[in-house]
>>> print(open('my_file-v9.txt').read())   # compact mmCIF, C-alpha atoms
# COMPACT_ATOMS: atom_id res chain seq x y z
CA ASP A 1 25.64 -2.38 45.12
CA VAL A 2 28.83 -2.01 43.10
CA LYS A 3 30.80 -5.19 42.74
CA VAL A 4 34.41 -5.34 41.67
CA THR A 5 35.96 -8.79 41.75
CA GLN A 6 39.48 -10.01 41.18
CA SER A 7 40.38 -13.45 39.90
CA SER A 8 42.59 -14.49 42.82
CA ARG A 9 43.10 -13.38 46.41
CA TYR A 10 46.53 -14.99 46.70
CA LEU A 11 48.99 -16.01 44.01
CA VAL A 12 52.48 -17.51 44.15
CA LYS A 13 54.59 -17.41 41.00
CA ARG A 14 58.19 -18.05 40.02
CA THR A 15 60.57 -15.45 38.62
CA GLY A 16 60.21 -15.21 34.86
CA GLU A 17 56.66 -16.55 34.73
CA LYS A 18 53.94 -14.68 32.87
CA VAL A 19 51.23 -13.63 35.29
CA PHE A 20 47.65 -12.60 34.56
CA LEU A 21 45.54 -10.72 37.07
CA GLU A 22 41.94 -10.18 36.11
CA CYS A 23 39.38 -7.68 37.31
CA VAL A 24 35.67 -7.67 36.57
CA GLN A 25 33.09 -5.01 37.46
CA ASP A 26 29.35 -5.28 37.10
CA MET A 27 28.34 -1.61 37.20
CA ASP A 28 28.95 -0.66 33.57
CA HIS A 29 31.78 1.65 34.63
CA GLU A 30 33.78 3.23 31.84
CA ASN A 31 36.99 3.67 33.85
CA MET A 32 39.11 0.90 35.30
CA PHE A 33 42.39 1.10 37.18
CA TRP A 34 45.21 -1.09 38.43
CA TYR A 35 47.10 -0.04 41.55
CA ARG A 36 49.93 -1.54 43.47
CA GLN A 37 49.87 -1.22 47.27
CA ASP A 38 53.10 -1.45 49.27
CA PRO A 39 53.68 -0.59 52.95
CA GLY A 40 54.73 3.01 53.39
CA LEU A 41 54.12 3.83 49.73
CA GLY A 42 50.35 3.89 49.61
CA LEU A 43 48.55 3.15 46.35
CA ARG A 44 50.46 3.74 43.14
CA LEU A 45 48.76 3.73 39.76
CA ILE A 46 50.12 1.23 37.26
CA TYR A 47 47.68 1.63 34.34
CA PHE A 48 44.17 2.83 33.73
CA SER A 49 41.63 2.50 30.97
CA TYR A 50 38.80 4.90 30.13
CA ASP A 51 37.19 2.79 27.43
CA VAL A 52 37.37 -0.58 25.74
CA LYS A 53 40.78 -1.10 24.11
CA MET A 54 42.00 2.21 25.53
CA LYS A 55 44.79 2.37 28.09
CA GLU A 56 47.00 4.97 29.68
CA LYS A 57 50.18 4.56 31.69
CA GLY A 58 50.12 5.47 35.32
CA ASP A 59 53.07 6.27 37.53
CA ILE A 60 54.77 2.85 37.54
CA PRO A 61 53.98 1.00 34.28
CA GLU A 62 57.40 -0.60 33.81
CA GLY A 63 57.22 -4.38 33.76
CA TYR A 64 53.43 -4.41 33.33
CA SER A 65 50.95 -4.36 30.48
CA VAL A 66 47.15 -4.33 30.41
CA SER A 67 44.30 -5.47 28.25
CA ARG A 68 40.71 -4.30 28.03
CA GLU A 69 38.80 -6.19 25.40
CA LYS A 70 35.41 -5.88 27.12
CA LYS A 71 34.00 -3.02 29.14
CA GLU A 72 33.60 -5.04 32.33
CA ARG A 73 37.01 -6.70 32.31
CA PHE A 74 40.50 -5.24 32.81
CA SER A 75 43.54 -7.50 32.94
CA LEU A 76 46.99 -6.77 34.31
CA ILE A 77 49.84 -8.76 32.81
CA LEU A 78 53.30 -9.26 34.21
CA GLU A 79 55.24 -10.39 31.15
CA SER A 80 58.14 -11.84 33.16
CA ALA A 81 57.54 -11.69 36.88
CA SER A 82 60.33 -10.47 39.12
CA THR A 83 60.71 -10.56 42.90
CA ASN A 84 60.28 -6.77 43.13
CA GLN A 85 56.76 -7.23 41.79
CA THR A 86 55.75 -9.03 44.97
CA SER A 87 52.95 -6.83 46.23
CA MET A 88 49.23 -6.34 46.77
CA TYR A 89 47.44 -5.46 43.52
CA LEU A 90 44.17 -3.57 43.67
CA CYS A 91 41.76 -3.04 40.83
CA ALA A 92 39.25 -0.18 40.86
CA SER A 93 36.50 1.13 38.61
CA SER A 94 34.42 4.27 38.28
CA PHE A 95 32.03 6.04 35.98
CA SER A 96 33.55 8.46 33.53
CA GLY A 97 33.28 12.15 34.15
CA PHE A 98 34.52 14.40 36.77
CA GLN A 99 35.40 13.41 40.30
CA GLU A 100 33.72 10.06 40.22
CA THR A 101 34.11 7.73 43.17
CA GLN A 102 36.42 4.77 42.66
CA TYR A 103 35.26 1.33 43.83
CA PHE A 104 37.95 -1.16 44.71
CA GLY A 105 38.23 -4.90 44.35
CA PRO A 106 39.38 -7.10 47.25
CA GLY A 107 42.97 -7.21 46.04
CA THR A 108 45.38 -9.93 44.90
CA ARG A 109 48.39 -10.61 47.05
CA LEU A 110 51.13 -11.76 44.66
CA LEU A 111 54.32 -13.42 45.84
CA VAL A 112 57.08 -13.90 43.27
CA LEU A 113 59.75 -16.38 44.33
CA GLY B 114 55.20 15.39 39.65
CA GLU B 115 52.13 15.71 41.78
CA ASN B 116 52.18 14.18 45.22
CA VAL B 117 50.13 13.95 48.40
CA GLU B 118 51.82 13.86 51.79
CA GLN B 119 49.92 12.22 54.63
CA HIS B 120 50.66 12.41 58.38
CA PRO B 121 50.96 10.70 60.75
CA SER B 122 51.82 7.26 59.44
CA THR B 123 50.52 5.66 62.66
CA LEU B 124 48.14 7.02 65.25
CA SER B 125 46.97 5.47 68.52
CA VAL B 126 44.08 6.98 70.45
CA GLN B 127 42.00 5.94 73.41
CA GLU B 128 38.44 4.91 72.70
CA GLY B 129 36.22 7.97 72.83
CA ASP B 130 38.98 10.41 71.93
CA SER B 131 39.27 12.23 68.60
CA ALA B 132 41.65 11.40 65.77
CA VAL B 133 42.97 13.79 63.13
CA ILE B 134 44.80 12.82 59.95
CA LYS B 135 46.32 15.48 57.72
CA CYS B 136 47.16 15.58 54.02
CA THR B 137 48.92 18.16 51.89
CA TYR B 138 48.74 18.15 48.10
CA SER B 139 50.99 19.77 45.53
CA ASP B 140 48.77 20.22 42.45
CA SER B 141 46.88 23.47 42.84
CA ALA B 142 44.42 22.26 40.16
CA SER B 143 43.22 19.39 42.41
CA ASN B 144 39.58 19.92 43.27
CA TYR B 145 38.22 16.69 44.68
CA PHE B 146 39.51 14.92 47.80
CA PRO B 147 38.18 11.50 48.87
CA TRP B 148 39.11 9.58 51.99
CA TYR B 149 39.23 5.78 52.05
CA LYS B 150 39.19 3.35 54.96
CA GLN B 151 40.86 -0.02 54.58
CA GLU B 152 40.24 -2.59 57.28
CA LEU B 153 42.69 -5.44 57.66
CA GLY B 154 42.42 -7.83 54.72
CA LYS B 155 39.64 -5.82 53.06
CA ARG B 156 39.32 -3.45 50.14
CA PRO B 157 39.57 0.35 50.51
CA GLN B 158 36.14 1.93 50.84
CA LEU B 159 35.15 5.54 50.45
CA ILE B 160 34.07 7.07 53.76
CA ILE B 161 33.80 10.76 52.93
CA ASP B 162 34.84 13.19 50.23
CA ILE B 163 35.00 16.94 49.72
CA ARG B 164 35.00 19.17 46.68
CA SER B 165 36.98 22.35 46.39
CA ASN B 166 33.98 24.65 46.54
CA VAL B 167 33.31 23.50 50.11
CA GLY B 168 35.41 24.11 53.25
CA GLU B 169 33.99 21.43 55.50
CA LYS B 170 31.78 18.38 55.30
CA LYS B 171 30.39 16.19 58.09
CA ASP B 172 28.88 12.75 58.22
CA GLN B 173 28.00 11.69 61.76
CA ARG B 174 31.34 11.20 63.60
CA ILE B 175 33.47 11.90 60.55
CA ALA B 176 34.34 15.30 59.11
CA VAL B 177 36.73 16.58 56.49
CA THR B 178 38.08 20.12 56.23
CA LEU B 179 39.78 21.72 53.24
CA ASN B 180 42.08 24.72 53.09
CA LYS B 181 42.66 25.44 49.41
CA THR B 182 45.08 28.28 50.05
CA ALA B 183 47.36 26.06 52.09
CA LYS B 184 46.61 23.02 49.86
CA HIS B 185 45.79 21.05 52.96
CA PHE B 186 42.89 18.83 53.99
CA SER B 187 42.18 16.80 57.11
CA LEU B 188 40.04 13.93 58.34
CA HIS B 189 38.52 14.25 61.80
CA ILE B 190 36.99 11.30 63.63
CA THR B 191 35.25 12.07 66.92
CA GLU B 192 34.24 9.64 69.68
CA THR B 193 36.45 6.95 68.24
CA GLN B 194 35.43 3.31 68.55
CA PRO B 195 37.43 0.07 68.17
CA GLU B 196 35.82 -0.52 64.77
CA ASP B 197 37.43 2.70 63.54
CA SER B 198 40.79 0.89 63.68
CA ALA B 199 42.01 0.66 60.07
CA VAL B 200 44.33 2.24 57.55
CA TYR B 201 43.04 5.54 56.17
CA PHE B 202 44.09 6.94 52.80
CA CYS B 203 43.59 10.44 51.51
CA ALA B 204 43.61 11.19 47.79
CA ALA B 205 43.55 14.19 45.48
CA TYR B 206 41.98 14.15 42.04
CA SER B 207 44.63 15.33 39.67
CA GLY B 208 42.67 15.44 36.44
CA THR B 209 42.59 13.06 33.48
CA TYR B 210 41.00 10.32 35.62
CA LYS B 211 44.00 10.27 37.91
CA TYR B 212 43.99 10.16 41.69
CA ILE B 213 47.13 10.68 43.76
CA PHE B 214 46.99 8.79 47.05
CA GLY B 215 48.68 9.53 50.33
CA THR B 216 50.83 6.85 51.95
CA GLY B 217 48.21 5.90 54.53
CA THR B 218 47.69 6.26 58.29
CA ARG B 219 47.27 3.22 60.49
CA LEU B 220 44.79 4.19 63.20
CA LYS B 221 44.54 2.08 66.36
CA VAL B 222 41.74 2.75 68.78
CA LEU B 223 42.62 1.37 72.19
CA ALA B 224 39.73 0.05 74.29
>>> encode(input="my_file-v9.txt", output="C-alpha cells")
Amino acid sequence: DVKVTQSSRYLVKRTGEKVFLECVQDMDHENMFWYRQDPGLGLRLIYFSYDVKMKEKGDIPEGYSVSREKKERFSLILESASTNQTSMYLCASSFSGFQETQYFGPGTRLLVL
Amino acid sequence: GENVEQHPSTLSVQEGDSAVIKCTYSDSASNYFPWYKQELGKRPQLIIDIRSNVGEKKDQRIAVTLNKTAKHFSLHITETQPEDSAVYFCAAYSGTYKYIFGTGTRLKVLA
C-alpha cells in the first residue's frame, strides 16, 4: 500500500517567517509533486521533481522553492510567508513513465497570520 | 495555457439516483484522464481513469466516458449512496509529468 506522509496536518505561521513543509513517500517513486488546493480553484501545481536534485516549476512557483536531496523526500519552502499563501498544501508522488497514477499525502493546512 | 473546465461545481442528488460530472480539456495532446474523490478532511484518491484509446470504462457503479473529438469526458455514478458524498476532481495528463486538474465538484447525496 502506497504511503505518502506530510510533516504536519496543521500549521500556523506569521508573515515573513520561513516555512518548511516536508513530504515523504515509501514506494520508491521517482516523481514527486507539490500542489496548492484552494476553494473554487482546484489543485494547482507549484513544483515537481522527477529525480533527486531535479526540479521543475509548475503553474504557480512564485514565492516557493523546493528541495529534493533524497529520493523519498520532497520539501516545499516558503522563504517569507505571506497571508496569500494561506492554503491547503498537498504532496503527491508517482512512478516515472507515462500516465502513472499520482498518490496524495493527507495535506497540510497552513494559516499565515 | 492548458486548462480543464469542470461542471457543475456543486451537485445534490437523492440517494439511489445517478450523478454526472463533466469535464472539458483544452490540450488535444492529453491522453490520460484520472478522476479523484476527496472526502472531507482526507486526501484525494484515484477512483477511475481512462486512456485515450478507450471510449468508456466501468467499475461497478462508476463509469467514465471520453469523447476525444469534443475533448470532453464525464464521470457517471449510478445508484448513489451517502458515502459517495465528496468532492470529485477530474484531471488531464498534459505531458512532461504534468496533470491539469479541474476545479472540483462537491457531490451531496441526500438520504
>>> closest_residue(input="my_file-v9.txt", among="A:Tyr47, A:Val112, A:Met54, A:Tyr89", to="Lys13 (chain A)", atoms="all atoms listed in the file")
A:Val112
>>> closest_residue(input="my_file-v9.txt", among="A:Asp51, A:Asp28, A:Glu72, A:Glu22", to="chain B", atoms="all atoms listed in the file")
A:Asp51
>>> closest_atom_pairs(input="my_file-v9.txt", of="region 134-210 of chain B", to="region 92-104 of chain A", cutoff="12 Å", atoms="all atoms listed in the file", output="Markdown table")
| residue | atom | partner | partner_atom | distance |
| --- | --- | --- | --- | --- |
| B:Ser143 | CA | A:Gln99 | CA | 10.1 |
| B:Asn144 | CA | A:Gln99 | CA | 8.3 |
| B:Tyr145 | CA | A:Gln99 | CA | 6.2 |
| B:Phe146 | CA | A:Gln99 | CA | 8.7 |
| B:Pro147 | CA | A:Thr101 | CA | 8.0 |
| B:Trp148 | CA | A:Thr101 | CA | 10.3 |
| B:Tyr149 | CA | A:Gln102 | CA | 9.9 |
| B:Lys150 | CA | A:Phe104 | CA | 11.3 |
| B:Gln151 | CA | A:Phe104 | CA | 10.4 |
| B:Lys155 | CA | A:Phe104 | CA | 9.7 |
| B:Arg156 | CA | A:Phe104 | CA | 6.1 |
| B:Pro157 | CA | A:Phe104 | CA | 6.2 |
| B:Gln158 | CA | A:Tyr103 | CA | 7.1 |
| B:Leu159 | CA | A:Thr101 | CA | 7.7 |
| B:Ile160 | CA | A:Thr101 | CA | 10.6 |
| B:Ile161 | CA | A:Thr101 | CA | 10.2 |
| B:Asp162 | CA | A:Thr101 | CA | 9.0 |
| B:Ile163 | CA | A:Gln99 | CA | 10.1 |
| B:Arg164 | CA | A:Gln99 | CA | 8.6 |
| B:Ser165 | CA | A:Gln99 | CA | 10.9 |
| B:Ala204 | CA | A:Gln102 | CA | 10.9 |
| B:Ala205 | CA | A:Gln99 | CA | 9.7 |
| B:Tyr206 | CA | A:Gln99 | CA | 6.8 |
| B:Ser207 | CA | A:Gln99 | CA | 9.4 |
| B:Gly208 | CA | A:Phe98 | CA | 8.2 |
| B:Thr209 | CA | A:Phe98 | CA | 8.8 |
| B:Tyr210 | CA | A:Phe98 | CA | 7.7 |
>>> residues_near_point(input="my_file-v9.txt", point="(33.6, -4.0, 29.6)", cutoff="9 Å", atoms="only C-alpha atoms", output="number ranges by chain")
A: 24-26, 28-30, 51-52, 68-74
>>> closest_residue(input="my_file-v9.txt", among="B:Leu153, B:Val222, B:Val167, B:Leu124", to="chain A", atoms="all atoms listed in the file")
B:Leu153
>>> closest_residue(input="my_file-v9.txt", among="A:Cys91, A:Gly42, A:Glu79, A:Arg9", to="chain B", atoms="all atoms listed in the file")
A:Gly42
>>> atom_distance(input="my_file-v9.txt", atom1="CA of Thr191 (chain B)", atom2="CA of Arg174 (chain B)")
5.2 Å
>>> closest_atom_pairs(input="my_file-v9.txt", of="chain A", to="chain B", cutoff="6 Å", atoms="all atoms listed in the file", output="tab-separated table")
residue	atom	partner	partner_atom	distance
A:Gly40	CA	B:Thr216	CA	5.7
A:Leu41	CA	B:Thr216	CA	5.0
A:Gly42	CA	B:Thr216	CA	3.8
A:Leu43	CA	B:Phe214	CA	5.9
A:Pro106	CA	B:Arg156	CA	4.7
>>> decode(input="my_file-v9.txt", residues="region 175-186 of chain B", atoms="all heavy atoms", output="short mmCIF file (atom, residue, chain, number, x, y, z; two decimals), in the first residue's frame")
data_model
loop_
_atom_site.label_atom_id
_atom_site.label_comp_id
_atom_site.auth_asym_id
_atom_site.auth_seq_id
_atom_site.Cartn_x
_atom_site.Cartn_y
_atom_site.Cartn_z
N ILE B 175 -19.46 3.00 -10.97
CA ILE B 175 -18.78 4.18 -11.53
C ILE B 175 -18.38 3.90 -12.97
O ILE B 175 -17.92 2.80 -13.29
CB ILE B 175 -17.52 4.49 -10.69
CG1 ILE B 175 -17.93 4.96 -9.29
CG2 ILE B 175 -16.67 5.55 -11.36
CD1 ILE B 175 -16.76 5.14 -8.37
N ALA B 176 -18.57 4.90 -13.83
CA ALA B 176 -18.15 4.78 -15.22
C ALA B 176 -17.59 6.12 -15.68
O ALA B 176 -17.95 7.18 -15.15
CB ALA B 176 -19.33 4.37 -16.11
N VAL B 177 -16.70 6.05 -16.63
CA VAL B 177 -16.17 7.27 -17.24
C VAL B 177 -16.28 7.12 -18.75
O VAL B 177 -16.04 6.03 -19.30
CB VAL B 177 -14.71 7.54 -16.79
CG1 VAL B 177 -13.80 6.38 -17.10
CG2 VAL B 177 -14.19 8.82 -17.40
N THR B 178 -16.70 8.18 -19.42
CA THR B 178 -16.77 8.19 -20.88
C THR B 178 -15.86 9.28 -21.41
O THR B 178 -15.63 10.31 -20.75
CB THR B 178 -18.21 8.45 -21.35
OG1 THR B 178 -18.66 9.70 -20.82
CG2 THR B 178 -19.15 7.34 -20.88
N LEU B 179 -15.33 9.06 -22.59
CA LEU B 179 -14.41 10.01 -23.21
C LEU B 179 -14.82 10.26 -24.64
O LEU B 179 -15.03 9.31 -25.41
CB LEU B 179 -12.98 9.45 -23.16
CG LEU B 179 -11.91 10.21 -23.93
CD1 LEU B 179 -11.69 11.61 -23.33
CD2 LEU B 179 -10.60 9.42 -23.95
N ASN B 180 -14.89 11.52 -25.01
CA ASN B 180 -15.15 11.92 -26.40
C ASN B 180 -13.95 12.76 -26.83
O ASN B 180 -13.86 13.95 -26.52
CB ASN B 180 -16.46 12.72 -26.48
CG ASN B 180 -16.79 13.12 -27.91
OD1 ASN B 180 -15.89 13.32 -28.74
ND2 ASN B 180 -18.06 13.24 -28.21
N LYS B 181 -13.01 12.12 -27.53
CA LYS B 181 -11.78 12.82 -27.90
C LYS B 181 -12.03 13.95 -28.88
O LYS B 181 -11.38 15.00 -28.85
CB LYS B 181 -10.78 11.83 -28.50
CG LYS B 181 -10.08 10.97 -27.50
CD LYS B 181 -9.14 9.98 -28.16
CE LYS B 181 -8.05 10.66 -28.96
NZ LYS B 181 -7.16 9.68 -29.60
N THR B 182 -12.99 13.76 -29.77
CA THR B 182 -13.28 14.78 -30.77
C THR B 182 -13.74 16.07 -30.12
O THR B 182 -13.29 17.17 -30.46
CB THR B 182 -14.35 14.28 -31.74
OG1 THR B 182 -13.91 13.04 -32.31
CG2 THR B 182 -14.61 15.29 -32.85
N ALA B 183 -14.61 15.92 -29.14
CA ALA B 183 -15.15 17.07 -28.42
C ALA B 183 -14.24 17.51 -27.27
O ALA B 183 -14.52 18.52 -26.62
CB ALA B 183 -16.55 16.75 -27.90
N LYS B 184 -13.21 16.71 -26.98
CA LYS B 184 -12.30 16.97 -25.85
C LYS B 184 -13.10 17.08 -24.56
O LYS B 184 -12.99 18.05 -23.79
CB LYS B 184 -11.44 18.22 -26.11
CG LYS B 184 -10.44 18.00 -27.22
CD LYS B 184 -9.40 19.10 -27.32
CE LYS B 184 -9.93 20.29 -28.04
NZ LYS B 184 -8.92 21.32 -28.32
N HIS B 185 -13.86 16.02 -24.30
CA HIS B 185 -14.83 16.05 -23.22
C HIS B 185 -14.85 14.67 -22.57
O HIS B 185 -14.82 13.65 -23.26
CB HIS B 185 -16.17 16.40 -23.88
CG HIS B 185 -17.34 16.29 -22.98
ND1 HIS B 185 -18.11 15.15 -22.91
CD2 HIS B 185 -17.90 17.18 -22.14
CE1 HIS B 185 -19.09 15.34 -22.04
NE2 HIS B 185 -18.99 16.56 -21.57
N PHE B 186 -14.86 14.63 -21.24
CA PHE B 186 -15.01 13.34 -20.55
C PHE B 186 -15.88 13.53 -19.32
O PHE B 186 -15.97 14.63 -18.78
CB PHE B 186 -13.65 12.71 -20.21
CG PHE B 186 -12.75 13.56 -19.33
CD1 PHE B 186 -12.47 13.15 -18.03
CD2 PHE B 186 -12.13 14.70 -19.81
CE1 PHE B 186 -11.62 13.89 -17.22
CE2 PHE B 186 -11.28 15.45 -19.00
CZ PHE B 186 -11.03 15.04 -17.71
#
